[in-house]
file start14.pdb (PDB, C-alpha atoms, pLDDT in the B column)
ATOM      1  CA  GLN A 241       6.904  -6.096   5.851  1.00 76.00           C
ATOM      2  CA  VAL A 242       6.048  -4.457   2.547  1.00 76.00           C
ATOM      3  CA  GLN A 243       4.800  -0.928   2.972  1.00 88.00           C
ATOM      4  CA  LEU A 244       3.198   1.269   0.358  1.00 95.00           C
ATOM      5  CA  VAL A 245       3.326   4.935   1.280  1.00 95.00           C
ATOM      6  CA  GLU A 246       0.713   7.332  -0.069  1.00 96.00           C
ATOM      7  CA  SER A 247       0.769  11.100  -0.067  1.00 96.00           C
ATOM      8  CA  GLY A 248      -1.184  13.991  -1.494  1.00 98.00           C
ATOM      9  CA  GLY A 249      -4.648  13.697  -0.040  1.00 98.00           C
ATOM     10  CA  ARG A 250      -6.268  16.900   1.180  1.00 98.00           C
ATOM     11  CA  LEU A 251      -9.366  19.061   1.035  1.00 98.00           C
ATOM     12  CA  VAL A 252     -10.088  20.463  -2.421  1.00 98.00           C
ATOM     13  CA  GLN A 253     -13.000  22.294  -3.995  1.00 98.00           C
ATOM     14  CA  ALA A 254     -15.258  20.657  -6.527  1.00 98.00           C
ATOM     15  CA  GLY A 255     -13.924  21.143 -10.030  1.00 98.00           C
ATOM     16  CA  GLY A 256     -10.358  21.247  -8.789  1.00 98.00           C
ATOM     17  CA  SER A 257      -7.410  18.940  -9.312  1.00 98.00           C
ATOM     18  CA  LEU A 258      -5.308  16.797  -7.057  1.00 98.00           C
ATOM     19  CA  ARG A 259      -2.326  14.502  -7.454  1.00 98.00           C
ATOM     20  CA  LEU A 260      -1.761  11.448  -5.283  1.00 98.00           C
ATOM     21  CA  SER A 261       1.538   9.644  -5.098  1.00 97.00           C
ATOM     22  CA  CYS A 262       2.447   6.203  -3.818  1.00 97.00           C
ATOM     23  CA  ALA A 263       5.913   4.814  -3.258  1.00 96.00           C
ATOM     24  CA  ALA A 264       6.532   1.080  -3.258  1.00 95.00           C
ATOM     25  CA  PRO A 265       9.636  -0.446  -1.645  1.00 92.00           C
ATOM     26  CA  GLY A 266      10.460  -2.412  -4.769  1.00 89.00           C
ATOM     27  CA  THR A 267       9.219  -3.510  -8.164  1.00 90.00           C
ATOM     28  CA  MET A 268       5.631  -4.713  -8.291  1.00 92.00           C
ATOM     29  CA  PHE A 269       3.900  -6.021 -11.366  1.00 94.00           C
ATOM     30  CA  ILE A 270       0.785  -3.969 -10.713  1.00 96.00           C
ATOM     31  CA  LEU A 271       0.391  -0.762  -8.749  1.00 97.00           C
ATOM     32  CA  GLY A 272      -2.849   1.094  -8.394  1.00 98.00           C
ATOM     33  CA  TRP A 273      -5.424   2.964  -6.421  1.00 98.00           C
ATOM     34  CA  PHE A 274      -8.695   2.022  -4.789  1.00 98.00           C
ATOM     35  CA  ARG A 275     -10.976   4.247  -2.761  1.00 98.00           C
ATOM     36  CA  GLN A 276     -13.551   3.840  -0.050  1.00 98.00           C
ATOM     37  CA  ALA A 277     -16.248   6.274   0.979  1.00 96.00           C
ATOM     38  CA  PRO A 278     -18.030   5.986   4.338  1.00 92.00           C
ATOM     39  CA  GLY A 279     -20.589   3.209   4.253  1.00 94.00           C
ATOM     40  CA  LYS A 280     -19.474   1.980   0.850  1.00 96.00           C
ATOM     41  CA  GLN A 281     -17.308  -0.829  -0.422  1.00 97.00           C
ATOM     42  CA  ARG A 282     -13.789  -0.248  -1.553  1.00 97.00           C
ATOM     43  CA  GLU A 283     -13.760   0.297  -5.310  1.00 97.00           C
ATOM     44  CA  LEU A 284     -11.239   0.378  -8.107  1.00 98.00           C
ATOM     45  CA  VAL A 285      -9.982   3.767  -9.199  1.00 98.00           C
ATOM     46  CA  ALA A 286      -7.078   2.847 -11.464  1.00 98.00           C
ATOM     47  CA  GLN A 287      -4.314   0.294 -11.848  1.00 98.00           C
ATOM     48  CA  MET A 288      -1.312   0.008 -14.125  1.00 97.00           C
ATOM     49  CA  ASP A 289       1.029  -2.881 -14.766  1.00 96.00           C
ATOM     50  CA  ILE A 290       4.731  -2.669 -15.392  1.00 93.00           C
ATOM     51  CA  GLY A 291       4.131  -2.733 -19.135  1.00 93.00           C
ATOM     52  CA  GLY A 292       1.824   0.277 -19.092  1.00 94.00           C
ATOM     53  CA  ASN A 293      -1.496  -1.549 -19.403  1.00 96.00           C
ATOM     54  CA  SER A 294      -4.197  -0.082 -17.195  1.00 97.00           C
ATOM     55  CA  ARG A 295      -7.644  -0.542 -15.719  1.00 97.00           C
ATOM     56  CA  ILE A 296      -9.651   2.568 -14.891  1.00 98.00           C
ATOM     57  CA  GLY A 297     -12.878   2.729 -12.919  1.00 97.00           C
ATOM     58  CA  ASP A 298     -15.917   3.738 -14.965  1.00 97.00           C
ATOM     59  CA  SER A 299     -16.803   6.669 -12.721  1.00 95.00           C
ATOM     60  CA  VAL A 300     -13.409   8.325 -13.175  1.00 98.00           C
ATOM     61  CA  LYS A 301     -12.436   7.228 -16.658  1.00 96.00           C
ATOM     62  CA  ASP A 302     -12.638  10.678 -18.269  1.00 96.00           C
ATOM     63  CA  ARG A 303     -11.176  12.598 -15.342  1.00 98.00           C
ATOM     64  CA  PHE A 304      -8.413  10.595 -13.701  1.00 98.00           C
ATOM     65  CA  THR A 305      -5.101   9.457 -15.150  1.00 98.00           C
ATOM     66  CA  ILE A 306      -2.630   6.975 -13.734  1.00 98.00           C
ATOM     67  CA  PHE A 307       1.114   7.231 -14.282  1.00 95.00           C
ATOM     68  CA  ARG A 308       3.851   4.932 -13.237  1.00 95.00           C
ATOM     69  CA  ASP A 309       7.561   5.436 -12.751  1.00 88.00           C
ATOM     70  CA  SER A 310       9.095   2.001 -12.805  1.00 78.00           C
ATOM     71  CA  ILE A 311      12.546   3.269 -11.904  1.00 80.00           C
ATOM     72  CA  GLU A 312      11.329   5.032  -8.784  1.00 82.00           C
ATOM     73  CA  ASN A 313       8.673   2.387  -8.051  1.00 90.00           C
ATOM     74  CA  THR A 314       5.998   5.032  -7.722  1.00 95.00           C
ATOM     75  CA  VAL A 315       2.493   5.351  -9.041  1.00 97.00           C
ATOM     76  CA  ILE A 316       0.755   8.681  -9.500  1.00 97.00           C
ATOM     77  CA  LEU A 317      -2.954   9.380  -9.718  1.00 98.00           C
ATOM     78  CA  GLN A 318      -3.781  12.667 -11.404  1.00 98.00           C
ATOM     79  CA  MET A 319      -7.351  13.671 -10.632  1.00 98.00           C
ATOM     80  CA  GLU A 320      -9.156  16.394 -12.579  1.00 98.00           C
ATOM     81  CA  ARG A 321     -12.616  17.958 -12.355  1.00 98.00           C
ATOM     82  CA  LEU A 322     -13.143  16.502  -8.916  1.00 98.00           C
ATOM     83  CA  LYS A 323     -16.651  15.936  -7.634  1.00 97.00           C
ATOM     84  CA  ALA A 324     -18.031  15.584  -4.127  1.00 97.00           C
ATOM     85  CA  GLU A 325     -18.595  11.886  -4.779  1.00 97.00           C
ATOM     86  CA  ASP A 326     -14.858  11.440  -5.294  1.00 98.00           C
ATOM     87  CA  SER A 327     -14.369  11.996  -1.563  1.00 98.00           C
ATOM     88  CA  GLY A 328     -13.056   9.092   0.432  1.00 98.00           C
ATOM     89  CA  VAL A 329      -9.936   7.346   1.591  1.00 98.00           C
ATOM     90  CA  TYR A 330      -7.657   6.476  -1.303  1.00 98.00           C
ATOM     91  CA  PHE A 331      -5.549   3.368  -0.883  1.00 98.00           C
ATOM     92  CA  CYS A 332      -2.503   2.446  -2.862  1.00 98.00           C
ATOM     93  CA  SER A 333      -2.373  -1.203  -3.839  1.00 97.00           C
ATOM     94  CA  GLY A 334       0.269  -3.481  -5.241  1.00 96.00           C
ATOM     95  CA  GLY A 335       0.862  -7.045  -6.279  1.00 93.00           C
ATOM     96  CA  GLY A 336       0.868  -9.555  -9.073  1.00 92.00           C
ATOM     97  CA  SER A 337      -2.789  -9.691 -10.056  1.00 94.00           C
ATOM     98  CA  TRP A 338      -5.353  -7.219 -11.335  1.00 96.00           C
ATOM     99  CA  TYR A 339      -8.080  -8.684  -9.155  1.00 94.00           C
ATOM    100  CA  SER A 340      -6.284  -9.647  -5.950  1.00 92.00           C
ATOM    101  CA  GLN A 341      -4.147  -7.110  -4.117  1.00 92.00           C
ATOM    102  CA  ASP A 342      -1.182  -8.374  -2.140  1.00 93.00           C
ATOM    103  CA  TYR A 343      -0.279  -5.127  -0.442  1.00 95.00           C
ATOM    104  CA  TRP A 344      -2.094  -2.005   0.710  1.00 96.00           C
ATOM    105  CA  GLY A 345      -1.049   1.395   1.905  1.00 97.00           C
ATOM    106  CA  GLN A 346      -2.498   3.080   4.974  1.00 96.00           C
ATOM    107  CA  GLY A 347      -4.703   5.352   2.893  1.00 97.00           C
ATOM    108  CA  THR A 348      -4.855   9.078   2.284  1.00 97.00           C
ATOM    109  CA  GLN A 349      -7.994  11.164   2.765  1.00 98.00           C
ATOM    110  CA  VAL A 350      -9.424  13.099  -0.157  1.00 98.00           C
ATOM    111  CA  THR A 351     -12.284  15.448   0.589  1.00 98.00           C
ATOM    112  CA  VAL A 352     -14.005  17.355  -2.183  1.00 98.00           C
ATOM    113  CA  SER A 353     -16.175  20.226  -1.025  1.00 97.00           C
ATOM    114  CA  SER A 354     -19.148  21.184  -3.141  1.00 89.00           C
TER     115      SER A 354
END
call {"tool": "encode", "arguments": {"input": "start14.pdb", "output": "structure tokens"}}
result
Amino acid sequence: QVQLVESGGRLVQAGGSLRLSCAAPGTMFILGWFRQAPGKQRELVAQMDIGGNSRIGDSVKDRFTIFRDSIENTVILQMERLKAEDSGVYFCSGGGSWYSQDYWGQGTQVTVSS
């Protein structure tokens, strides 16, 4: 069973920064992050393919950056200038398609206090 393992979620004040990390058990074409707030649908945060191409959600485009270490099979989400609306469970995703995720992590909670 493929398991993506996230880490880094915690409580942070608005305006602060946070770094999330996800480790994949092997090479995946695309690794990324989605998030889900209570009562809302899961939404794209950022994805990156093995060649460095990326998709970034509109609401985070100027504040979040995605990095990928293809040797370590990890993907990092660097979040800056956090807002209360960034709160939610952040899920690591992986697979071969931008629009269909084959694998999910268990999720890590990010809470931004205003």
call {"tool": "resolve_selection", "arguments": {"input": "start14.pdb", "expression": "the PyMOL selection byres ((chain A and resi 299) around 10)", "output": "ChimeraX atom specification"}}
result
/A:284-285,296-298,300-304,325-326
call {"tool": "closest_residue", "arguments": {"input": "start14.pdb", "among": "A:Met288, A:Leu244, A:Val352, A:Leu258", "to": "Asp309 in chain A", "atoms": "all atoms listed in the file"}}
result
A:Met288
call {"tool": "atom_distance", "arguments": {"input": "start14.pdb", "atom1": "CA of Ser340 in chain A", "atom2": "CA of Gly292 in chain A"}}
result
18.4 Å
call {"tool": "resolve_selection", "arguments": {"input": "start14.pdb", "expression": "the PyMOL selection byres ((chain A and resi 313) around 7)", "output": "list in words"}}
result
Ala263, Ala264, Gly266, Thr267, Asp309, Ser310, Ile311, Glu312, Thr314 and Val315 of chain A
call {"tool": "resolve_selection", "arguments": {"input": "start14.pdb", "expression": "the PyMOL selection byres ((chain A and resi 252) around 12)", "output": "number ranges by chain"}}
result
A: 248-251, 253-259, 319-324, 326-327, 349-354
call {"tool": "write_last_selection", "arguments": {"input": "start14.pdb", "atoms": "C-alpha atoms", "output": "mmCIF file, keeping the file's coordinate frame"}}
result
data_model
loop_
_atom_site.group_PDB
_atom_site.id
_atom_site.type_symbol
_atom_site.label_atom_id
_atom_site.label_comp_id
_atom_site.auth_asym_id
_atom_site.auth_seq_id
_atom_site.Cartn_x
_atom_site.Cartn_y
_atom_site.Cartn_z
ATOM 1 C CA GLY A 248 -1.184 13.991 -1.494
ATOM 2 C CA GLY A 249 -4.648 13.697 -0.040
ATOM 3 C CA ARG A 250 -6.268 16.900 1.180
ATOM 4 C CA LEU A 251 -9.366 19.061 1.035
ATOM 5 C CA GLN A 253 -13.000 22.294 -3.995
ATOM 6 C CA ALA A 254 -15.258 20.657 -6.527
ATOM 7 C CA GLY A 255 -13.924 21.143 -10.030
ATOM 8 C CA GLY A 256 -10.358 21.247 -8.789
ATOM 9 C CA SER A 257 -7.410 18.940 -9.312
ATOM 10 C CA LEU A 258 -5.308 16.797 -7.057
ATOM 11 C CA ARG A 259 -2.326 14.502 -7.454
ATOM 12 C CA MET A 319 -7.351 13.671 -10.632
ATOM 13 C CA GLU A 320 -9.156 16.394 -12.579
ATOM 14 C CA ARG A 321 -12.616 17.958 -12.355
ATOM 15 C CA LEU A 322 -13.143 16.502 -8.916
ATOM 16 C CA LYS A 323 -16.651 15.936 -7.634
ATOM 17 C CA ALA A 324 -18.031 15.584 -4.127
ATOM 18 C CA ASP A 326 -14.858 11.440 -5.294
ATOM 19 C CA SER A 327 -14.369 11.996 -1.563
ATOM 20 C CA GLN A 349 -7.994 11.164 2.765
ATOM 21 C CA VAL A 350 -9.424 13.099 -0.157
ATOM 22 C CA THR A 351 -12.284 15.448 0.589
ATOM 23 C CA VAL A 352 -14.005 17.355 -2.183
ATOM 24 C CA SER A 353 -16.175 20.226 -1.025
ATOM 25 C CA SER A 354 -19.148 21.184 -3.141
#
call {"tool": "closest_residue", "arguments": {"input": "start14.pdb", "among": "A:Val329, A:Met268, A:Ile290, A:Leu317", "to": "Val242 in chain A", "atoms": "all atoms listed in the file"}}
result
A:Met268
call {"tool": "closest_residue", "arguments": {"input": "start14.pdb", "among": "A:Cys262, A:Gln243, A:Gln318, A:Leu271", "to": "Asp289 in chain A", "atoms": "only C-alpha atoms"}}
result
A:Leu271
call {"tool": "residues_around", "arguments": {"input": "start14.pdb", "residues": "Gly335 in chain A", "least_positions_apart": "5", "cutoff": "7 Å", "atoms": "all atoms listed in the file", "output": "PDB file with C-alpha atoms, in the frame of the given file"}}
result
ATOM      1  CA  MET A 268       5.631  -4.713  -8.291  1.00 92.00           C
ATOM      2  CA  PHE A 269       3.900  -6.021 -11.366  1.00 94.00           C
ATOM      3  CA  ILE A 270       0.785  -3.969 -10.713  1.00 96.00           C
ATOM      4  CA  LEU A 271       0.391  -0.762  -8.749  1.00 97.00           C
ATOM      5  CA  GLN A 341      -4.147  -7.110  -4.117  1.00 92.00           C
ATOM      6  CA  ASP A 342      -1.182  -8.374  -2.140  1.00 93.00           C
ATOM      7  CA  TYR A 343      -0.279  -5.127  -0.442  1.00 95.00           C
TER       8      TYR A 343
END
call {"tool": "axis_aligned_box", "arguments": {"input": "start14.pdb", "around": "range 335-350 of chain A", "padding_each_side": "3 Å", "output": "JSON"}}
result
{"center_x": -4.3, "center_y": 1.7, "center_z": -3.2, "size_x": 16.3, "size_y": 28.8, "size_z": 22.3}
call {"tool": "atom_distance", "arguments": {"input": "start14.pdb", "atom1": "CA of Cys332 in chain A", "atom2": "CA of Ala277 in chain A"}}
result
14.8 Å
call {"tool": "closest_residue", "arguments": {"input": "start14.pdb", "among": "A:Gln241, A:Ser247, A:Thr348, A:Gln287", "to": "Gly336 in chain A", "atoms": "only C-alpha atoms"}}
result
A:Gln287
call {"tool": "residues_around", "arguments": {"input": "start14.pdb", "residues": "Ile316 in chain A", "least_positions_apart": "6", "cutoff": "6 Å", "atoms": "only C-alpha atoms", "output": "MDAnalysis selection string"}}
result
chainID A and resid 260:261 306:307
call {"tool": "decode", "arguments": {"input": "start14.pdb", "residues": "range 293-307 of chain A", "atoms": "all heavy atoms", "output": "PDB file, in the first residue's frame"}}
result
ATOM      1  N   ASN A 293       7.420  21.535 -13.537  1.00  0.00           N
ATOM      2  CA  ASN A 293       6.222  22.297 -13.895  1.00  0.00           C
ATOM      3  C   ASN A 293       5.246  22.254 -12.722  1.00  0.00           C
ATOM      4  O   ASN A 293       5.171  21.263 -11.999  1.00  0.00           O
ATOM      5  CB  ASN A 293       5.567  21.685 -15.132  1.00  0.00           C
ATOM      6  CG  ASN A 293       6.503  21.665 -16.318  1.00  0.00           C
ATOM      7  OD1 ASN A 293       6.944  22.710 -16.766  1.00  0.00           O
ATOM      8  ND2 ASN A 293       6.831  20.481 -16.808  1.00  0.00           N
ATOM      9  N   SER A 294       4.483  23.335 -12.556  1.00  0.00           N
ATOM     10  CA  SER A 294       3.623  23.407 -11.379  1.00  0.00           C
ATOM     11  C   SER A 294       2.260  24.003 -11.695  1.00  0.00           C
ATOM     12  O   SER A 294       2.073  24.696 -12.701  1.00  0.00           O
ATOM     13  CB  SER A 294       4.303  24.214 -10.277  1.00  0.00           C
ATOM     14  OG  SER A 294       4.515  25.546 -10.693  1.00  0.00           O
ATOM     15  N   ARG A 295       1.322  23.688 -10.843  1.00  0.00           N
ATOM     16  CA  ARG A 295       0.003  24.316 -10.792  1.00  0.00           C
ATOM     17  C   ARG A 295      -0.156  24.858  -9.382  1.00  0.00           C
ATOM     18  O   ARG A 295       0.101  24.146  -8.417  1.00  0.00           O
ATOM     19  CB  ARG A 295      -1.123  23.309 -11.036  1.00  0.00           C
ATOM     20  CG  ARG A 295      -1.206  22.721 -12.397  1.00  0.00           C
ATOM     21  CD  ARG A 295      -2.308  21.646 -12.395  1.00  0.00           C
ATOM     22  NE  ARG A 295      -3.639  22.212 -12.250  1.00  0.00           N
ATOM     23  CZ  ARG A 295      -4.644  21.630 -11.588  1.00  0.00           C
ATOM     24  NH1 ARG A 295      -4.467  20.469 -10.988  1.00  0.00           N
ATOM     25  NH2 ARG A 295      -5.823  22.188 -11.535  1.00  0.00           N
ATOM     26  N   ILE A 296      -0.606  26.105  -9.280  1.00  0.00           N
ATOM     27  CA  ILE A 296      -0.788  26.739  -7.983  1.00  0.00           C
ATOM     28  C   ILE A 296      -2.216  27.280  -7.911  1.00  0.00           C
ATOM     29  O   ILE A 296      -2.696  27.909  -8.862  1.00  0.00           O
ATOM     30  CB  ILE A 296       0.187  27.914  -7.776  1.00  0.00           C
ATOM     31  CG1 ILE A 296       1.627  27.509  -8.136  1.00  0.00           C
ATOM     32  CG2 ILE A 296       0.106  28.418  -6.339  1.00  0.00           C
ATOM     33  CD1 ILE A 296       2.234  26.506  -7.206  1.00  0.00           C
ATOM     34  N   GLY A 297      -2.862  27.061  -6.784  1.00  0.00           N
ATOM     35  CA  GLY A 297      -4.211  27.572  -6.599  1.00  0.00           C
ATOM     36  C   GLY A 297      -4.233  29.094  -6.603  1.00  0.00           C
ATOM     37  O   GLY A 297      -3.307  29.737  -6.094  1.00  0.00           O
ATOM     38  N   ASP A 298      -5.289  29.667  -7.162  1.00  0.00           N
ATOM     39  CA  ASP A 298      -5.364  31.124  -7.301  1.00  0.00           C
ATOM     40  C   ASP A 298      -5.293  31.839  -5.958  1.00  0.00           C
ATOM     41  O   ASP A 298      -4.707  32.919  -5.854  1.00  0.00           O
ATOM     42  CB  ASP A 298      -6.666  31.505  -8.016  1.00  0.00           C
ATOM     43  CG  ASP A 298      -6.638  31.141  -9.488  1.00  0.00           C
ATOM     44  OD1 ASP A 298      -5.544  30.960 -10.049  1.00  0.00           O
ATOM     45  OD2 ASP A 298      -7.730  31.021 -10.084  1.00  0.00           O
ATOM     46  N   SER A 299      -5.881  31.255  -4.928  1.00  0.00           N
ATOM     47  CA  SER A 299      -5.948  31.956  -3.645  1.00  0.00           C
ATOM     48  C   SER A 299      -4.612  31.981  -2.902  1.00  0.00           C
ATOM     49  O   SER A 299      -4.460  32.715  -1.934  1.00  0.00           O
ATOM     50  CB  SER A 299      -7.015  31.311  -2.759  1.00  0.00           C
ATOM     51  OG  SER A 299      -6.669  29.961  -2.479  1.00  0.00           O
ATOM     52  N   VAL A 300      -3.651  31.203  -3.370  1.00  0.00           N
ATOM     53  CA  VAL A 300      -2.365  31.143  -2.660  1.00  0.00           C
ATOM     54  C   VAL A 300      -1.200  31.503  -3.557  1.00  0.00           C
ATOM     55  O   VAL A 300      -0.043  31.473  -3.122  1.00  0.00           O
ATOM     56  CB  VAL A 300      -2.138  29.730  -2.061  1.00  0.00           C
ATOM     57  CG1 VAL A 300      -3.294  29.344  -1.153  1.00  0.00           C
ATOM     58  CG2 VAL A 300      -1.929  28.693  -3.155  1.00  0.00           C
ATOM     59  N   LYS A 301      -1.475  31.864  -4.770  1.00  0.00           N
ATOM     60  CA  LYS A 301      -0.451  32.005  -5.803  1.00  0.00           C
ATOM     61  C   LYS A 301       0.682  32.939  -5.399  1.00  0.00           C
ATOM     62  O   LYS A 301       1.839  32.694  -5.729  1.00  0.00           O
ATOM     63  CB  LYS A 301      -1.116  32.488  -7.094  1.00  0.00           C
ATOM     64  CG  LYS A 301      -0.300  32.284  -8.335  1.00  0.00           C
ATOM     65  CD  LYS A 301      -1.174  32.351  -9.581  1.00  0.00           C
ATOM     66  CE  LYS A 301      -2.034  31.129  -9.742  1.00  0.00           C
ATOM     67  NZ  LYS A 301      -2.772  31.084 -11.026  1.00  0.00           N
ATOM     68  N   ASP A 302       0.395  34.004  -4.703  1.00  0.00           N
ATOM     69  CA  ASP A 302       1.435  34.985  -4.354  1.00  0.00           C
ATOM     70  C   ASP A 302       2.042  34.731  -2.979  1.00  0.00           C
ATOM     71  O   ASP A 302       2.918  35.492  -2.545  1.00  0.00           O
ATOM     72  CB  ASP A 302       0.844  36.397  -4.385  1.00  0.00           C
ATOM     73  CG  ASP A 302       0.362  36.784  -5.768  1.00  0.00           C
ATOM     74  OD1 ASP A 302       0.983  36.330  -6.741  1.00  0.00           O
ATOM     75  OD2 ASP A 302      -0.633  37.526  -5.861  1.00  0.00           O
ATOM     76  N   ARG A 303       1.602  33.664  -2.310  1.00  0.00           N
ATOM     77  CA  ARG A 303       2.053  33.472  -0.931  1.00  0.00           C
ATOM     78  C   ARG A 303       2.674  32.100  -0.676  1.00  0.00           C
ATOM     79  O   ARG A 303       3.475  31.943   0.238  1.00  0.00           O
ATOM     80  CB  ARG A 303       0.865  33.668   0.019  1.00  0.00           C
ATOM     81  CG  ARG A 303       0.251  35.049  -0.075  1.00  0.00           C
ATOM     82  CD  ARG A 303      -0.916  35.206   0.911  1.00  0.00           C
ATOM     83  NE  ARG A 303      -2.034  34.345   0.561  1.00  0.00           N
ATOM     84  CZ  ARG A 303      -2.509  33.381   1.348  1.00  0.00           C
ATOM     85  NH1 ARG A 303      -1.980  33.171   2.535  1.00  0.00           N
ATOM     86  NH2 ARG A 303      -3.530  32.643   0.961  1.00  0.00           N
ATOM     87  N   PHE A 304       2.300  31.128  -1.462  1.00  0.00           N
ATOM     88  CA  PHE A 304       2.781  29.769  -1.240  1.00  0.00           C
ATOM     89  C   PHE A 304       3.716  29.360  -2.371  1.00  0.00           C
ATOM     90  O   PHE A 304       3.518  29.741  -3.537  1.00  0.00           O
ATOM     91  CB  PHE A 304       1.619  28.773  -1.205  1.00  0.00           C
ATOM     92  CG  PHE A 304       0.697  28.889  -0.025  1.00  0.00           C
ATOM     93  CD1 PHE A 304       0.776  29.953   0.867  1.00  0.00           C
ATOM     94  CD2 PHE A 304      -0.269  27.919   0.191  1.00  0.00           C
ATOM     95  CE1 PHE A 304      -0.082  30.057   1.945  1.00  0.00           C
ATOM     96  CE2 PHE A 304      -1.143  27.998   1.265  1.00  0.00           C
ATOM     97  CZ  PHE A 304      -1.058  29.074   2.142  1.00  0.00           C
ATOM     98  N   THR A 305       4.711  28.556  -2.006  1.00  0.00           N
ATOM     99  CA  THR A 305       5.663  28.036  -2.988  1.00  0.00           C
ATOM    100  C   THR A 305       5.803  26.534  -2.786  1.00  0.00           C
ATOM    101  O   THR A 305       5.848  26.062  -1.645  1.00  0.00           O
ATOM    102  CB  THR A 305       7.037  28.708  -2.822  1.00  0.00           C
ATOM    103  OG1 THR A 305       6.873  30.132  -2.833  1.00  0.00           O
ATOM    104  CG2 THR A 305       7.968  28.317  -3.961  1.00  0.00           C
ATOM    105  N   ILE A 306       5.881  25.816  -3.883  1.00  0.00           N
ATOM    106  CA  ILE A 306       6.069  24.371  -3.808  1.00  0.00           C
ATOM    107  C   ILE A 306       7.470  24.027  -4.302  1.00  0.00           C
ATOM    108  O   ILE A 306       7.965  24.590  -5.282  1.00  0.00           O
ATOM    109  CB  ILE A 306       4.970  23.622  -4.608  1.00  0.00           C
ATOM    110  CG1 ILE A 306       5.064  22.117  -4.371  1.00  0.00           C
ATOM    111  CG2 ILE A 306       5.009  23.987  -6.090  1.00  0.00           C
ATOM    112  CD1 ILE A 306       3.847  21.349  -4.885  1.00  0.00           C
ATOM    113  N   PHE A 307       8.110  23.121  -3.553  1.00  0.00           N
ATOM    114  CA  PHE A 307       9.437  22.629  -3.911  1.00  0.00           C
ATOM    115  C   PHE A 307       9.375  21.111  -3.987  1.00  0.00           C
ATOM    116  O   PHE A 307       8.575  20.490  -3.288  1.00  0.00           O
ATOM    117  CB  PHE A 307      10.478  23.004  -2.847  1.00  0.00           C
ATOM    118  CG  PHE A 307      10.610  24.468  -2.588  1.00  0.00           C
ATOM    119  CD1 PHE A 307       9.895  25.070  -1.565  1.00  0.00           C
ATOM    120  CD2 PHE A 307      11.451  25.249  -3.354  1.00  0.00           C
ATOM    121  CE1 PHE A 307      10.017  26.427  -1.306  1.00  0.00           C
ATOM    122  CE2 PHE A 307      11.584  26.600  -3.105  1.00  0.00           C
ATOM    123  CZ  PHE A 307      10.864  27.193  -2.079  1.00  0.00           C
TER     124      PHE A 307
END
